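Asker: Compact mmCIF, C-alpha atoms, file coords-v5.txt:
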# COMPACT_ATOMS: atom_id res chain seq x y z
CA MET L 1 0.00 0.00 0.00
CA LYS L 2 2.95 2.29 -0.63
CA LEU L 3 2.20 5.82 -1.74
CA LYS L 4 4.33 6.74 -4.75
CA ARG L 5 5.31 9.99 -6.31
CA ASN L 6 3.20 10.69 -9.37
CA TRP L 7 4.51 13.33 -11.77
CA LYS L 8 1.13 13.76 -13.40
CA GLU L 9 -0.32 14.63 -9.99
CA ILE L 10 2.56 17.02 -9.32
CA GLY L 11 1.78 18.67 -12.67
CA LEU L 12 -1.89 18.96 -11.69
CA TRP L 13 -0.77 20.51 -8.40
CA ALA L 14 1.29 23.06 -10.32
CA LEU L 15 -1.90 23.89 -12.25
CA GLY L 16 -3.76 24.40 -8.99
CA LYS L 17 -5.87 21.23 -9.29
CA ARG L 18 -4.41 19.55 -6.20
CA TRP L 19 -3.91 20.67 -2.62
CA ARG L 20 -0.73 20.22 -0.69
CA PHE L 21 -0.80 19.10 2.95
CA ARG L 22 1.97 18.35 5.41
CA VAL L 23 1.77 15.20 7.54
CA ASN L 24 2.33 15.51 11.26
CA ASN L 25 3.05 12.63 13.67
CA ASN L 26 3.58 8.91 13.28
CA SER L 27 0.26 7.17 12.93
CA MET L 28 0.53 6.62 9.18
CA LEU L 29 3.99 5.06 9.27
CA PRO L 30 5.39 3.36 7.26
CA THR L 31 3.32 4.88 4.42
CA LEU L 32 3.60 8.54 5.40
CA LYS L 33 6.43 9.93 7.43
CA PRO L 34 6.14 12.97 9.66
CA GLN L 35 6.89 16.27 7.88
CA GLU L 36 6.23 14.74 4.48
CA ASP L 37 4.14 16.68 1.94
CA VAL L 38 1.30 14.96 0.10
CA LEU L 39 -1.03 16.01 -2.71
CA VAL L 40 -4.77 15.75 -2.27
CA VAL L 41 -7.61 15.75 -4.80
CA PRO L 42 -10.90 17.16 -3.54
CA ILE L 43 -13.65 14.58 -2.96
CA SER L 44 -16.10 14.59 -5.87
CA GLN L 45 -19.08 12.64 -7.19
CA ASN L 46 -17.03 11.31 -10.11
CA ALA L 47 -14.23 9.85 -8.03
CA PRO L 48 -15.74 8.27 -4.94
CA ILE L 49 -13.40 6.95 -2.28
CA ALA L 50 -12.74 3.23 -1.95
CA PRO L 51 -11.36 1.04 0.83
CA GLY L 52 -7.57 1.31 0.80
CA ASP L 53 -7.54 5.00 -0.15
CA ILE L 54 -5.81 7.50 2.11
CA VAL L 55 -8.09 10.41 2.93
CA VAL L 56 -7.83 13.84 4.55
CA PHE L 57 -10.84 14.82 6.67
CA PHE L 58 -11.93 16.89 9.65
CA HIS L 59 -11.90 15.10 13.02
CA PRO L 60 -15.55 14.27 13.88
CA LEU L 61 -15.17 15.60 17.44
CA ARG L 62 -12.78 18.49 16.72
CA PRO L 63 -13.98 20.29 13.62
CA THR L 64 -10.84 22.41 13.34
CA MET L 65 -8.41 19.50 13.22
CA ARG L 66 -7.53 17.91 9.90
CA MET L 67 -6.59 14.25 9.97
CA VAL L 68 -5.05 11.79 7.51
CA LYS L 69 -5.96 8.08 7.69
CA ARG L 70 -6.61 5.05 5.50
CA VAL L 71 -10.17 4.08 4.57
CA SER L 72 -11.14 0.61 5.74
CA GLU L 73 -14.81 0.59 4.75
CA THR L 74 -17.11 2.94 2.86
CA PHE L 75 -20.84 3.36 3.40
CA TYR L 76 -23.75 4.08 1.07
CA ASP L 77 -24.06 7.67 2.33
CA GLY L 78 -20.44 8.48 1.40
CA GLY L 79 -19.11 8.18 4.95
CA CYS L 80 -16.22 5.91 5.81
CA TYR L 81 -14.46 4.03 8.58
CA VAL L 82 -10.80 5.01 8.82
CA LEU L 83 -7.80 3.33 10.45
CA SER L 84 -4.16 4.26 11.12
CA ASP L 85 -1.49 2.33 9.22
CA ASN L 86 0.53 2.30 12.41
CA MET L 87 -2.02 0.59 14.63
CA ALA L 88 -0.08 1.25 17.81
CA GLU L 89 -0.29 5.01 17.45
CA GLY L 90 -3.01 7.50 16.94
CA SER L 91 -6.71 7.29 17.33
CA ASP L 92 -8.98 6.58 14.40
CA SER L 93 -12.52 5.32 13.81
CA ARG L 94 -11.95 2.85 16.66
CA SER L 95 -12.22 5.80 19.01
CA PHE L 96 -14.06 8.57 17.13
CA GLY L 97 -16.37 6.44 14.97
CA VAL L 98 -17.44 6.81 11.37
CA VAL L 99 -16.37 9.89 9.40
CA GLY L 100 -19.40 11.46 7.72
CA PRO L 101 -19.26 12.53 4.06
CA GLU L 102 -19.50 16.21 5.04
CA LEU L 103 -16.19 15.91 6.94
CA LEU L 104 -14.17 14.50 4.04
CA ILE L 105 -11.76 16.95 2.42
CA GLY L 106 -9.95 14.88 -0.17
CA ARG L 107 -8.11 11.79 -1.27
CA VAL L 108 -4.31 11.57 -1.14
CA THR L 109 -3.01 10.88 -4.64
CA SER L 110 0.74 11.32 -4.51
CA ARG L 111 3.62 12.41 -2.38
CA LEU L 112 5.33 15.67 -3.31
CA ILE L 113 8.98 14.93 -4.17
CA MET H 1 21.22 19.25 -4.59
CA PHE H 2 17.75 18.96 -6.12
CA SER H 3 16.26 17.54 -2.93
CA THR H 4 17.88 20.24 -0.76
CA LEU H 5 16.39 22.88 -3.00
CA ILE H 6 12.98 21.27 -2.82
CA SER H 7 13.06 20.85 0.95
CA THR H 8 14.11 24.48 1.37
CA LEU H 9 11.19 25.52 -0.80
CA LYS H 10 8.87 23.18 1.11
CA ASN H 11 9.85 24.75 4.40
CA ARG H 12 9.76 28.25 2.98
CA PHE H 13 6.15 27.77 1.83
CA PRO H 14 4.67 25.42 4.38
CA ALA H 15 1.55 23.46 3.50
CA PRO H 16 -1.34 23.28 5.98
CA THR H 17 -0.77 20.31 8.26
CA VAL H 18 -2.87 17.17 8.56
CA GLN H 19 -2.62 15.17 11.76
CA ALA H 20 -1.71 11.51 11.57
CA HIS H 21 -2.65 11.43 15.25
CA CYS H 22 -4.95 13.34 17.53
CA ASP H 23 -6.14 13.28 21.15
CA GLY H 24 -3.95 16.04 22.26
CA PRO H 25 -1.80 14.21 21.02
CA CYS H 26 -0.11 13.69 24.37
CA GLY H 27 -0.76 9.96 24.81
CA VAL H 28 -0.51 10.29 28.57
CA TYR H 29 -2.73 7.73 30.28
CA ASP H 30 -2.67 6.52 33.87
CA PRO H 31 -5.30 4.52 35.74
CA SER H 32 -4.37 6.32 38.95
CA SER H 33 -6.73 9.21 38.12
CA ALA H 34 -9.62 6.73 38.20
CA ARG H 35 -8.23 5.24 41.41
CA ILE H 36 -8.08 8.61 43.19
CA ALA H 37 -11.69 9.44 42.25
CA ALA H 38 -12.82 5.97 43.34
CA GLU H 39 -11.06 6.37 46.67
CA ALA H 40 -12.96 9.59 47.22
CA VAL H 41 -16.20 7.69 46.54
CA VAL H 42 -15.23 5.00 49.05
CA SER H 43 -14.38 7.63 51.64
CA MET H 44 -17.61 9.58 51.10
CA THR H 45 -19.70 6.40 51.31
CA LYS H 46 -18.11 5.58 54.68
CA LYS H 47 -18.65 9.14 55.93
CA ILE H 48 -22.30 9.10 54.91
CA LEU H 49 -22.84 5.85 56.79
CA ASP H 50 -20.96 7.09 59.86
CA LEU H 51 -22.62 10.50 60.15
CA GLN H 52 -24.64 10.66 63.34
CA HIS H 53 -28.20 11.84 63.12
CA PRO H 54 -28.84 14.62 65.68
CA ALA H 55 -31.82 14.90 68.06
CA ASP H 56 -34.97 16.04 66.24
CA ASP H 57 -35.51 19.17 68.39
CA ASP H 58 -31.98 20.55 67.91
CA THR H 59 -32.51 22.86 64.91
CA GLN H 60 -28.92 24.06 64.72
CA ALA H 61 -27.46 20.55 64.82
CA MET H 62 -30.03 19.37 62.30
CA ALA H 63 -29.05 22.15 59.88
CA ALA H 64 -25.40 21.23 60.25
CA TYR H 65 -26.26 17.56 59.72
CA GLN H 66 -28.26 18.26 56.57
CA ASN H 67 -25.52 20.53 55.26
CA THR H 68 -22.75 17.97 55.85
CA MET H 69 -24.82 15.12 54.46
CA SER H 70 -25.64 16.96 51.25
CA ARG H 71 -22.00 17.86 50.78
CA TYR H 72 -20.96 14.22 51.22
CA VAL H 73 -23.59 13.11 48.74
CA ALA H 74 -22.63 15.77 46.19
CA ILE H 75 -18.95 14.85 46.38
CA LYS H 76 -19.73 11.14 46.09
CA GLU H 77 -21.85 11.74 42.99
CA GLU H 78 -19.23 13.97 41.40
CA GLN H 79 -16.25 11.70 42.09
CA ALA H 80 -18.12 8.57 40.93
CA GLN H 81 -18.77 10.32 37.61
CA ILE H 82 -15.11 11.34 37.36
CA ALA H 83 -14.01 7.74 38.04
CA LYS H 84 -16.39 6.53 35.33
CA ASP H 85 -15.14 9.09 32.80
CA GLU H 86 -11.52 8.19 33.49
CA ILE H 87 -12.26 4.48 33.08
CA LEU H 88 -14.09 5.08 29.81
CA VAL H 89 -11.21 7.16 28.43
CA LEU H 90 -8.75 4.36 29.17
CA TRP H 91 -11.09 1.80 27.65
CA THR H 92 -11.91 3.63 24.43
CA ASP H 93 -8.71 5.60 23.82
CA TYR H 94 -5.77 3.73 25.31
CA PHE H 95 -6.67 0.09 24.80
CA LYS H 96 -6.39 -1.21 21.24
CA PRO H 97 -7.47 -4.47 19.52
CA VAL H 98 -3.99 -5.94 20.08
CA HIS H 99 -4.55 -5.72 23.84
CA LEU H 100 -7.86 -7.53 23.50
CA GLU H 101 -6.09 -10.56 22.07
CA LYS H 102 -3.97 -10.81 25.18
CA TYR H 103 -6.74 -9.91 27.64
CA PRO H 104 -9.96 -11.44 26.28
CA ASP H 105 -11.96 -10.27 29.32
CA LEU H 106 -10.86 -6.63 28.79
CA HIS H 107 -14.28 -5.42 27.62
CA ASP H 108 -16.05 -7.22 30.42
CA THR H 109 -13.66 -5.78 33.02
CA PHE H 110 -14.20 -2.21 31.83
CA TRP H 111 -17.91 -2.60 31.36
CA LYS H 112 -18.32 -3.91 34.90
CA ALA H 113 -16.04 -1.23 36.33
CA ALA H 114 -18.11 1.49 34.64
CA LYS H 115 -21.29 -0.10 35.93
CA LEU H 116 -19.83 -0.20 39.44
CA CYS H 117 -19.13 3.54 39.22
CA SER H 118 -22.80 4.08 38.45
CA ALA H 119 -23.85 1.77 41.29
CA CYS H 120 -21.62 3.63 43.78
CA LYS H 121 -22.98 6.92 42.52
CA VAL H 122 -26.62 5.91 43.02
CA GLU H 123 -26.30 3.81 46.17
CA VAL H 124 -24.59 4.01 49.55
CA SER H 125 -22.98 0.60 49.35
CA THR H 126 -19.65 -0.35 50.91
CA GLN H 127 -19.96 -3.67 49.09
CA HIS H 128 -20.02 -2.01 45.66
CA CYS H 129 -17.27 0.43 46.70
CA ALA H 130 -15.00 -2.50 47.56
CA GLU H 131 -15.85 -4.15 44.23
CA LEU H 132 -15.07 -0.89 42.39
CA MET H 133 -11.64 -0.67 44.02
CA GLU H 134 -10.97 -4.31 43.03
CA ALA H 135 -12.01 -3.58 39.45
CA ILE H 136 -9.70 -0.55 39.27
CA GLN H 137 -6.86 -2.59 40.75
CA LYS H 138 -7.40 -5.13 37.97
CA ILE H 139 -7.36 -2.36 35.34
CA HIS H 140 -4.19 -0.98 36.94
CA SER H 141 -2.38 -4.31 36.61
CA ILE H 142 -3.54 -4.89 33.02
CA PHE H 143 -2.60 -1.32 32.05
CA TRP H 144 0.94 -1.47 33.40
CA GLU H 145 1.44 -4.98 32.01
CA THR H 146 0.68 -3.65 28.52
CA LYS H 147 3.41 -1.05 29.06
CA SER H 148 5.79 -3.77 30.38
CA ARG H 149 6.27 -1.81 33.57
CA ASP H 150 6.05 -3.08 37.09
CA VAL H 151 4.03 -0.46 38.96
CA ALA H 152 2.86 -1.59 42.38
CA TRP H 153 -0.74 -0.96 43.38
CA TYR H 154 -1.17 1.54 46.18
CA THR H 155 -3.91 3.70 47.62
CA ALA H 156 -3.79 7.19 49.06
CA SER H 157 -5.98 6.39 52.02
Could you render the structure from this file as structure tokens?

Answerer:
Amino acid sequence: MKLKRNWKEIGLWALGKRWRFRVNNNSMLPTLKPQEDVLVVPISQNAPIAPGDIVVFFHPLRPTMRMVKRVSETFYDGGCYVLSDNMAEGSDSRSFGVVGPELLIGRVTSRLI
Amino acid sequence: MFSTLISTLKNRFPAPTVQAHCDGPCGVYDPSSARIAAEAVVSMTKKILDLQHPADDDTQAMAAYQNTMSRYVAIKEEQAQIAKDEILVLWTDYFKPVHLEKYPDLHDTFWKAAKLCSACKVEVSTQHCAELMEAIQKIHSIFWETKSRDVAWYTAS
């Protein structure tokens, strides 16, 4: 489930079609390291998320905090159940429950450099 | 060369951060906060049972009695709720599925401990208080075992 660098995505970022986010902390190791930059495509009707995707979303209990986790299950309403890659660290849907569709920001498509 | 340039640029124009963690993210957990609250409940239960009822015609003593009794009850209620909250935080935030494999009765232990907090809050029962302290002692030993640390059980009172 390694996240690769994708030059097409980096090009789309340069055109303003992707967002850049910086990862903090260890819960997505070994996939994402702390202080690594990733590119994110906004969630849309055309590209629904699937289990295995890495998503950026607002914490269900702290609306100002953005989180990054891996989708484990998706639901008919567009919500999803998310888990950390590094199970020992970080809280995820096991503690804060399902992430509603309105909290999803985007899907991680590539790392930047 | 290229990567140094990129990382300089990356740091020069920082992207908004996304947390691969949360909860503070301090990760500081200790069952002793539940133990301290539970000890207060035990102490208040004993005090409620020991408080002497004054003679019916002594208005002043009766007022003092009522005042002290309501304070004991209020503190017992409050501390039982705190104990319950602390136990629930440990259960839902600290313990992970890996722990459940090693301690299959983990859910049952926490569920019963939380129920005992409610029982001690509602009742004036030394029996349930003793059971609550036992439950917290059990949680204490499981908790420190998961951290591979030998922390002896002790009480403040």

Asker: Can you tell me which residues surround region 102-107 of chain L at a distance of at most 7 Å, considering only C-alpha atoms, apart from same-chain residues fewer than 4 positions away, and format the answer as a ChimeraX atom specification?

Answerer: /L:40-43,53-58

Asker: Can you build me a table of chain L residues sitting at most 6 Å from chain H, with the closest atom pair per residue and its distance in Å to one decimal, using only C-alpha atoms, sorted by chain and residue number, as a tab-separated table?

Answerer:
residue	atom	partner	partner_atom	distance
L:Arg20	CA	H:Ala15	CA	5.8
L:Phe21	CA	H:Ala15	CA	5.0
L:Arg22	CA	H:Thr17	CA	4.4
L:Val23	CA	H:Val18	CA	5.1
L:Asn24	CA	H:Gln19	CA	5.0
L:Asn25	CA	H:Ala20	CA	5.3
L:Ser27	CA	H:Ala20	CA	5.0
L:Met28	CA	H:Ala20	CA	5.9
L:Arg66	CA	H:Val18	CA	4.9
L:Met67	CA	H:Gln19	CA	4.5
L:Val68	CA	H:Ala20	CA	5.3
L:Gly90	CA	H:His21	CA	4.3
L:Ser95	CA	H:Thr92	CA	5.8

Asker: How far is it from CA of Met133 (chain H) to CA of Ala38 (chain H), in Å with one decimal?

Answerer: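 Interatomic distance, CA of Met133 (chain H) to CA of Ala38 (chain H): 6.8 Å.
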
Asker: Which of these residues is nearest to Ala88 (chain L), using all atoms listed in the file: L:Asn26, L:Ala47, L:Ser72, L:Thr31?

Answerer: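 For Ala88 (chain L), the nearest of the given residues is L:Asn26.
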
Asker: Find the residues around region 2-14 of chain L up to 8 Å (only C-alpha atoms counted), leave out those fewer than 5 positions away in its own chain, and share them as a list in words.

Answerer: Trp19, Arg20, Thr31, Leu32, Leu39, Thr109, Ser110, Arg111, Leu112 and Ile113 of chain L

Asker: Identify, on the basis of all atoms listed in the file, every residue whose closest approach to Asp92 (chain L) does not exceed 7 Å; exclude the query and any residue fewer than 3 positions from it along the same chain; express the result as a list in words.

Answerer: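 Listed by chain and then number, they are Val82, Leu83, Ser84, Ser95 and Phe96 of chain L.
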
Asker: Take the residues from that selection and put them in a file with C-alpha atoms, as a PDB file, in the frame of the given file.

Answerer:
ATOM      1  CA  VAL L  82     -10.800   5.010   8.820  1.00  0.00           C
ATOM      2  CA  LEU L  83      -7.800   3.330  10.450  1.00  0.00           C
ATOM      3  CA  SER L  84      -4.160   4.260  11.120  1.00  0.00           C
ATOM      4  CA  SER L  95     -12.220   5.800  19.010  1.00  0.00           C
ATOM      5  CA  PHE L  96     -14.060   8.570  17.130  1.00  0.00           C
TER       6      PHE L  96
END

Asker: Quote the spacing between CA of Met65 (chain L) and CA of Lys33 (chain L) in Å to one decimal place.

Answerer: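 Value for the CA of Met65 (chain L)-CA of Lys33 (chain L) distance: 18.6 Å.
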